Amino acid sequence: MTQAEIKLCSLLLHEHFGEIVEKIGTQLLRAGGQALRGIAGGTGLLLDQVKKALCVLIQHNLATFRPRRGGVEYEAQCGRILRILRYPRYIYTAKTLYGDTGELIVEELLLNGQLTMSAVVRKVADRLTETMEDGKTMDYADVSSTFVRLVDTHFVQRCPLVPEGPQSPEVPPPPAPTLLSSDKDMYTVPRLSLVGKGKRRRSCEEEDGEPRVKKQKQEGESSEAPPDDGIYWQVNIDRFHQHFRDQAIVSAVANRMDQVGASEGLAPLGAEVPHPAALSFAPTPQTSSEIVRTMLRMSEVTTSSGAPYTQPLSSNEIFRSLPAGYNIVKQVLDQYLALLADDPLEFVGKSGDSGGGMYTVNLHKALASLATATLESVVEERYKQPFFQDFCPFPLHVTGVPAPRRFGSRCARIFRLLLRKKHLEQKQVEDFAMIPAKEAKEMLYKMLSESFVSLQEIPKTPDHAPSRTFYLYTVNVPAAARMLLHRCYKSVANLMERRQFETKENKRLLEKSQRVEAILASMQATGAEPAQLQEIEEMITAPERQQLETLKRNVNKIDASENQVDETIFVLESFIESTVKRP
Amino acid sequence: MAEVKVKPEIPDPMDIESRIIELCHQFPHGITDQVIQNDMPHMEAQQRAMAINRLLSMGQLDLLRSNAGLLYRIKESQNASKMKGSDNQEKLVYQIIEDAGNKGIWSRDIRYKSNLPLTEINKILKNLESKKLIKAVKSVAASKKKVYMLYNLQPDRSVTGGAWYSDQDFESEFVEVLNQQCFKFLQSKAEAARESKQNPMIQRNSSFASSHEVWKYICELGISKVELSMEDIETILNTLIYDGKVEMTIIAAKEGTVGSVDGQMKLYRAVSPLIQPTGLVRTPCGLCPVFDDCHEGGEISPSNCIYMTEWLEF
């Protein structure tokens, strides 16, 4: 855990859980595994507070415990805390795949850490009911079915349980239970018949008589334990990561192999039937990426997330699994597969000839290509700054104003050259890249100072005299990836700090606007004249309104860029993980 | 009986020299001392040496060293005439420069080989230059270094840098222009292939262009004053590969197909980049020059970052 990671973790904990949890989390991250007393002593907080904070952390799967050395040791999971940054992306993915219901289920699970199925269903139904029109309610059955679908595709999994064992009175229970999760039960949904409908939260004035009756009934319900008590569910983060990885690979293939043209493609179904020959050969847009997407979808549950290749799939299977409505002929599919396998990208490989050709997706190679493309993109954009300061430092897509593309693209050229040729001398770099010697030297030194590029010394004489040594430039991709990842963490921390600073600066104004809104709401409820409402609204002057608008816009902008940096973080982390050799 | 003193015959010095020259003609690669001795066994070593020295000073013999010892070789007659009027040192320096061929030789190396002092070397070089026997060429690798070579030789590519250098200046604009032209050609070819809406295999194959095609296109375009060879075009195409805009494959081609070298052909194709610019470079922190100095509470911090302020205002 580097300084940058710890800083980011403490910022995230503070933002989502408050100061006390942040203190304890940071203490655990800095000092490693500690017992209860140690934590209390290290942070100077009361034992009671420490206990509560630990409960919060454990509930959200951010800390673990285990029995050790006569007590229980608690440890914070740095990697898991950093995932909090990615929660919006998970929720958005669930929305695209399973609609609003799925989105709310995932959101509830993420916000609460671990929940029983009945609790989830009830909460989501209530929330959905509120957004629906008056008179309609959300049925529990719909929500349950979406929940079951989420579990079936492994997006949601069961939490580890305390194992059932014989309770003998002589043996004292262990200080901390060891939690077990069995693979077979991980994705089995218990048979529940959840009957009911979402309840709408009504305001107190309407229907005075009913709420009391309803309340009693509710209390009666909660006194019995729900049928699936003890079975808790959590979000399966790894599965989401697999999905993101697949998305990244498919979009890379689409960028490289498919030509996106709105006017191209097959005629829509229902249009006049084109000539059969034209139909079979007309290239659909995005065909290659669709094929790769199909292959990845078929391997979703058969391949483990850390595998270097997917299981081999025969071209017949792929043909059968293509999405319906994709009317390409088998030969065309074979041609596309052959093209994919031959491409210098090497994302798809051919592993055999049975069944019309067995094809696999090279996952590790794909991740490596994506990581190197990220590095190249950073080098290209970063060194676009000229070497004098009185110039706008931001490139096109940040400012919208084009900057002269002089330096950055040349640096990128040198970088890619070194990636291909592995080790080169200064003179050779100039010759291959066709860049004047002075510029090439300057760029190489700049990249060297930021550790994108490193030097390898090869001495000619045993005394390593500099004049008699070869100095070769080289790019070490995993090292550069780690360096960039560290930068990303620091950048996100900077962005979060800036956001909090902006909010704090305008705190007075925000409080004022909140007060005004509260007054307005209460006045509207009690029935006030429009003139009075107008008066209250004018309490916020126009420039203040402007300021609030600016603040909102800035905060949204910073938020969005945090998510964008998180995308880079994801690619780099997946790549680094794939390079770590598992024993 | 009186002792008859046999007067040793003193062979005529001229005869010795002509005999040696005849021997040299017989063995154009050179003769050693031993050969001369075998031929004229009655000659004394001193006379032999004198004869050889005279021939050397007249410039009719070349003195070479080999593993067997010293070799004497007949010198070409026109060279002999050229060197008339120059003394031995100049002849030596000239010989060294001649041996260097078209790569030229540096003055310090001449000094090492001839063991002459620097002032002498400079005088001799000036002399030879004025006689238009040698010339100085500035090397492109180190601009202060001058290499000397024979007057009528073309300097080698490694010295002048070839087509990309004109008077020791790297022509970067020329390279840029060629770069863009080649890329446009490949891009238009790929577009044409895409428009044809055929079978994907054919589409892909027709979007390839061989290096020979690109070379012909550039020659016809006529933007280059210098004659460009196919290797030059290939170096330009390689820079496009390093820009990430073009990819290359090598296929086996029949000998005799136009543009094939050693049974292979290089094909190039324009490609689009793999990913959009990544998330990190869309934030000010990704491009900040003072990133390492930035921390909360310091002079440079996220709260007072001017880059962020500018960025938020857009």
# chains A, B, ... in the order shown; residues from 1 in each chain; ligands from 1
call {"tool": "residues_around", "arguments": {"residues": "range 335-341 of chain A", "least_positions_apart": "5", "cutoff": "7 Å", "atoms": "only C-alpha atoms", "output": "mmCIF file with N, CA and C atoms, in the first residue's frame"}}
result
data_model
loop_
_atom_site.group_PDB
_atom_site.id
_atom_site.type_symbol
_atom_site.label_atom_id
_atom_site.label_comp_id
_atom_site.auth_asym_id
_atom_site.auth_seq_id
_atom_site.Cartn_x
_atom_site.Cartn_y
_atom_site.Cartn_z
ATOM 1 N N SER A 288 -17.082 -7.806 -36.574
ATOM 2 C CA SER A 288 -15.977 -8.441 -35.840
ATOM 3 C C SER A 288 -16.188 -8.305 -34.354
ATOM 4 N N GLU A 346 -3.647 -10.016 -32.529
ATOM 5 C CA GLU A 346 -3.563 -11.309 -31.832
ATOM 6 C C GLU A 346 -4.536 -11.431 -30.676
ATOM 7 N N VAL A 348 -7.500 -12.852 -31.012
ATOM 8 C CA VAL A 348 -8.158 -14.145 -31.194
ATOM 9 C C VAL A 348 -7.141 -15.087 -31.785
ATOM 10 N N GLY A 349 -7.079 -16.294 -31.243
ATOM 11 C CA GLY A 349 -6.132 -17.266 -31.767
ATOM 12 C C GLY A 349 -6.846 -18.520 -32.198
ATOM 13 N N LYS A 350 -6.251 -19.208 -33.159
ATOM 14 C CA LYS A 350 -6.840 -20.461 -33.618
ATOM 15 C C LYS A 350 -6.115 -21.584 -32.932
ATOM 16 N N PRO B 200 -15.442 -9.683 -46.756
ATOM 17 C CA PRO B 200 -14.440 -9.078 -45.866
ATOM 18 C C PRO B 200 -13.004 -9.445 -46.175
ATOM 19 N N MET B 201 -12.776 -10.653 -46.645
ATOM 20 C CA MET B 201 -11.397 -11.032 -46.983
ATOM 21 C C MET B 201 -10.853 -10.149 -48.088
#
call {"tool": "residues_around", "arguments": {"residues": "Arg553 in chain A", "least_positions_apart": "6", "cutoff": "10 Å", "atoms": "only C-alpha atoms", "output": "list in words"}}
result
Gln547 and Asp559 of chain A; Leu312 and Glu313 of chain B
call {"tool": "write_last_selection", "arguments": {"atoms": "N, CA and C atoms", "output": "mmCIF file, in the first residue's frame"}}
result
data_model
loop_
_atom_site.group_PDB
_atom_site.id
_atom_site.type_symbol
_atom_site.label_atom_id
_atom_site.label_comp_id
_atom_site.auth_asym_id
_atom_site.auth_seq_id
_atom_site.Cartn_x
_atom_site.Cartn_y
_atom_site.Cartn_z
ATOM 1 N N GLN A 547 -23.752 31.597 -8.883
ATOM 2 C CA GLN A 547 -22.659 30.912 -8.199
ATOM 3 C C GLN A 547 -23.025 29.464 -7.911
ATOM 4 N N ASP A 559 -16.636 15.157 -10.662
ATOM 5 C CA ASP A 559 -17.139 13.802 -10.429
ATOM 6 C C ASP A 559 -16.955 12.928 -11.664
ATOM 7 N N LEU B 312 -11.887 24.132 -15.017
ATOM 8 C CA LEU B 312 -13.273 24.183 -14.598
ATOM 9 C C LEU B 312 -14.023 25.309 -15.296
ATOM 10 N N GLU B 313 -13.257 26.300 -15.781
ATOM 11 C CA GLU B 313 -13.950 27.427 -16.382
ATOM 12 C C GLU B 313 -14.368 27.193 -17.813
#
call {"tool": "closest_residue", "arguments": {"among": "B:Asn127, B:Ser224, B:Asn152, B:Ser172", "to": "chain A", "atoms": "only C-alpha atoms"}}
result
B:Ser172
call {"tool": "closest_atom_pairs", "arguments": {"of": "chain B", "to": "chain A", "cutoff": "7 Å", "atoms": "only C-alpha atoms", "output": "tab-separated table"}}
result
residue	atom	partner	partner_atom	distance
B:Phe170	CA	A:Pro436	CA	6.1
B:Ser172	CA	A:Pro436	CA	6.7
B:Lys197	CA	A:Ala282	CA	5.9
B:Gln198	CA	A:Phe281	CA	6.0
B:Asn199	CA	A:Phe281	CA	5.1
B:Pro200	CA	A:Pro283	CA	6.8
B:Met201	CA	A:Gln335	CA	6.5
B:Thr239	CA	A:Ala433	CA	5.6
B:Tyr242	CA	A:Arg413	CA	5.0
B:Asp243	CA	A:Arg413	CA	4.9
B:Val271	CA	A:Arg256	CA	6.6
B:Ser272	CA	A:Arg256	CA	5.6
B:Pro273	CA	A:Arg256	CA	6.5
B:Leu274	CA	A:Ala252	CA	5.3
B:Ile275	CA	A:Ala252	CA	6.0
B:Pro277	CA	A:Ser377	CA	5.7
B:Thr278	CA	A:Thr374	CA	6.0
B:Gly279	CA	A:Gln564	CA	4.4
B:Leu280	CA	A:Val565	CA	4.8
B:Val281	CA	A:Val378	CA	6.2
B:Arg282	CA	A:Val398	CA	5.8
B:Thr283	CA	A:Ser561	CA	6.4
B:Cys285	CA	A:Ser491	CA	5.5
B:Leu287	CA	A:Arg382	CA	5.0
B:Pro302	CA	A:Arg498	CA	5.4
B:Ser303	CA	A:Arg498	CA	5.1
B:Leu312	CA	A:Asn554	CA	6.0
B:Phe314	CA	A:Thr399	CA	6.6
call {"tool": "select_by_dssp", "arguments": {"residues": "range 214-251 of chain B", "states": "strand (DSSP E)", "output": "ChimeraX atom specification"}}
result
/B:246-251
call {"tool": "closest_residue", "arguments": {"among": "B:Gln181, B:Gln89, B:Asn122, B:Gln60", "to": "Ile21 in chain B", "atoms": "only C-alpha atoms"}}
result
B:Gln60
call {"tool": "select_by_dssp", "arguments": {"residues": "range 159-262 of chain B", "states": "helix (DSSP H, G or I)", "output": "number ranges by chain"}}
result
B: 159-160, 162-164, 172-195, 200-206, 211-221, 230-242
call {"tool": "write_last_selection", "arguments": {"atoms": "C-alpha atoms", "output": "PDB file, in the first residue's frame"}}
result
ATOM      1  CA  VAL B 159      28.989   9.929 -43.759  1.00  0.00           C
ATOM      2  CA  THR B 160      26.565  12.203 -45.508  1.00  0.00           C
ATOM      3  CA  GLY B 162      21.861   9.741 -47.384  1.00  0.00           C
ATOM      4  CA  ALA B 163      18.694  11.195 -48.786  1.00  0.00           C
ATOM      5  CA  TRP B 164      17.473  12.752 -45.564  1.00  0.00           C
ATOM      6  CA  SER B 172      12.677  17.151 -40.854  1.00  0.00           C
ATOM      7  CA  GLU B 173      10.054  19.009 -42.864  1.00  0.00           C
ATOM      8  CA  PHE B 174      10.792  16.880 -45.876  1.00  0.00           C
ATOM      9  CA  VAL B 175      10.381  13.751 -43.773  1.00  0.00           C
ATOM     10  CA  GLU B 176       7.129  15.085 -42.316  1.00  0.00           C
ATOM     11  CA  VAL B 177       5.720  15.851 -45.753  1.00  0.00           C
ATOM     12  CA  LEU B 178       6.602  12.393 -47.033  1.00  0.00           C
ATOM     13  CA  ASN B 179       5.142  10.893 -43.889  1.00  0.00           C
ATOM     14  CA  GLN B 180       1.818  12.619 -44.414  1.00  0.00           C
ATOM     15  CA  GLN B 181       1.692  11.829 -48.113  1.00  0.00           C
ATOM     16  CA  CYS B 182       2.288   8.138 -47.557  1.00  0.00           C
ATOM     17  CA  PHE B 183      -0.338   8.043 -44.851  1.00  0.00           C
ATOM     18  CA  LYS B 184      -2.895   9.789 -47.051  1.00  0.00           C
ATOM     19  CA  PHE B 185      -2.244   7.324 -49.826  1.00  0.00           C
ATOM     20  CA  LEU B 186      -2.759   4.346 -47.523  1.00  0.00           C
ATOM     21  CA  GLN B 187      -5.821   5.891 -45.954  1.00  0.00           C
ATOM     22  CA  SER B 188      -7.470   6.532 -49.308  1.00  0.00           C
ATOM     23  CA  LYS B 189      -6.709   2.973 -50.338  1.00  0.00           C
ATOM     24  CA  ALA B 190      -8.351   1.654 -47.176  1.00  0.00           C
ATOM     25  CA  GLU B 191     -11.374   3.880 -47.752  1.00  0.00           C
ATOM     26  CA  ALA B 192     -11.738   2.654 -51.290  1.00  0.00           C
ATOM     27  CA  ALA B 193     -11.621  -0.913 -50.062  1.00  0.00           C
ATOM     28  CA  ARG B 194     -14.254  -0.176 -47.449  1.00  0.00           C
ATOM     29  CA  GLU B 195     -16.565   1.452 -49.962  1.00  0.00           C
ATOM     30  CA  PRO B 200     -14.440  -9.078 -45.866  1.00  0.00           C
ATOM     31  CA  MET B 201     -11.397 -11.032 -46.983  1.00  0.00           C
ATOM     32  CA  ILE B 202     -11.229  -9.213 -50.279  1.00  0.00           C
ATOM     33  CA  GLN B 203     -11.899  -5.955 -48.521  1.00  0.00           C
ATOM     34  CA  ARG B 204      -8.989  -6.439 -46.211  1.00  0.00           C
ATOM     35  CA  ASN B 205      -6.631  -7.624 -48.895  1.00  0.00           C
ATOM     36  CA  SER B 206      -7.417  -4.725 -51.159  1.00  0.00           C
ATOM     37  CA  SER B 211       5.991  -0.845 -50.458  1.00  0.00           C
ATOM     38  CA  HIS B 212       6.605  -0.864 -54.189  1.00  0.00           C
ATOM     39  CA  GLU B 213       3.214   0.741 -54.851  1.00  0.00           C
ATOM     40  CA  VAL B 214       3.847   3.438 -52.291  1.00  0.00           C
ATOM     41  CA  TRP B 215       7.252   4.082 -53.796  1.00  0.00           C
ATOM     42  CA  LYS B 216       5.784   4.477 -57.266  1.00  0.00           C
ATOM     43  CA  TYR B 217       3.127   6.837 -55.956  1.00  0.00           C
ATOM     44  CA  ILE B 218       5.653   9.037 -54.195  1.00  0.00           C
ATOM     45  CA  CYS B 219       7.914   9.127 -57.245  1.00  0.00           C
ATOM     46  CA  GLU B 220       5.031  10.119 -59.435  1.00  0.00           C
ATOM     47  CA  LEU B 221       3.971  12.769 -56.979  1.00  0.00           C
ATOM     48  CA  MET B 230      12.497   1.710 -52.031  1.00  0.00           C
ATOM     49  CA  GLU B 231      14.465   1.372 -48.795  1.00  0.00           C
ATOM     50  CA  ASP B 232      14.021   5.080 -48.151  1.00  0.00           C
ATOM     51  CA  ILE B 233      10.280   4.726 -48.561  1.00  0.00           C
ATOM     52  CA  GLU B 234      10.345   1.743 -46.252  1.00  0.00           C
ATOM     53  CA  THR B 235      12.032   3.795 -43.534  1.00  0.00           C
ATOM     54  CA  ILE B 236       9.306   6.409 -43.906  1.00  0.00           C
ATOM     55  CA  LEU B 237       6.630   3.722 -43.679  1.00  0.00           C
ATOM     56  CA  ASN B 238       8.333   2.376 -40.579  1.00  0.00           C
ATOM     57  CA  THR B 239       7.974   5.765 -38.921  1.00  0.00           C
ATOM     58  CA  LEU B 240       4.270   5.578 -39.711  1.00  0.00           C
ATOM     59  CA  ILE B 241       4.167   2.225 -37.959  1.00  0.00           C
ATOM     60  CA  TYR B 242       5.827   3.799 -34.928  1.00  0.00           C
TER      61      TYR B 242
END
call {"tool": "residues_around", "arguments": {"residues": "range 229-246 of chain A", "least_positions_apart": "4", "cutoff": "6 Å", "atoms": "only C-alpha atoms", "output": "list in words"}}
result
Gln114, Leu115, Thr116, Phe155, Val156, Gln157, Arg158 and Cys159 of chain A
call {"tool": "write_last_selection", "arguments": {"atoms": "N, CA and C atoms", "output": "compact mmCIF listing (two decimals), in the first residue's frame"}}
result
# COMPACT_ATOMS: atom_id res chain seq x y z
N GLN A 114 -24.24 -6.03 2.90
CA GLN A 114 -24.81 -7.38 2.82
C GLN A 114 -26.28 -7.31 3.22
N LEU A 115 -27.11 -7.98 2.47
CA LEU A 115 -28.54 -7.94 2.77
C LEU A 115 -29.16 -9.29 2.49
N THR A 116 -30.27 -9.59 3.17
CA THR A 116 -31.04 -10.78 2.80
C THR A 116 -31.89 -10.45 1.59
N PHE A 155 -23.75 -12.08 -10.91
CA PHE A 155 -23.41 -10.71 -10.52
C PHE A 155 -23.59 -10.50 -9.03
N VAL A 156 -24.43 -11.33 -8.44
CA VAL A 156 -24.66 -11.23 -6.99
C VAL A 156 -24.35 -12.60 -6.41
N GLN A 157 -23.68 -12.61 -5.28
CA GLN A 157 -23.33 -13.91 -4.71
C GLN A 157 -23.62 -13.92 -3.22
N ARG A 158 -23.60 -15.15 -2.68
CA ARG A 158 -23.88 -15.29 -1.26
C ARG A 158 -22.65 -14.93 -0.46
N CYS A 159 -22.89 -14.37 0.73
CA CYS A 159 -21.76 -14.07 1.60
C CYS A 159 -21.31 -15.33 2.32
call {"tool": "atom_distance", "arguments": {"atom1": "CA of Lys132 in chain B", "atom2": "CA of Leu56 in chain B"}}
result
23.9 Å
call {"tool": "closest_residue", "arguments": {"among": "B:Thr249, B:Asn102, B:Leu153, B:Lys123", "to": "Asp342 in chain A", "atoms": "only C-alpha atoms"}}
result
B:Thr249
call {"tool": "atom_distance", "arguments": {"atom1": "CA of Ala51 in chain B", "atom2": "CA of Asn115 in chain B"}}
result
25.6 Å
call {"tool": "atom_distance", "arguments": {"atom1": "CA of Asn112 in chain A", "atom2": "CA of Thr153 in chain A"}}
result
21.1 Å
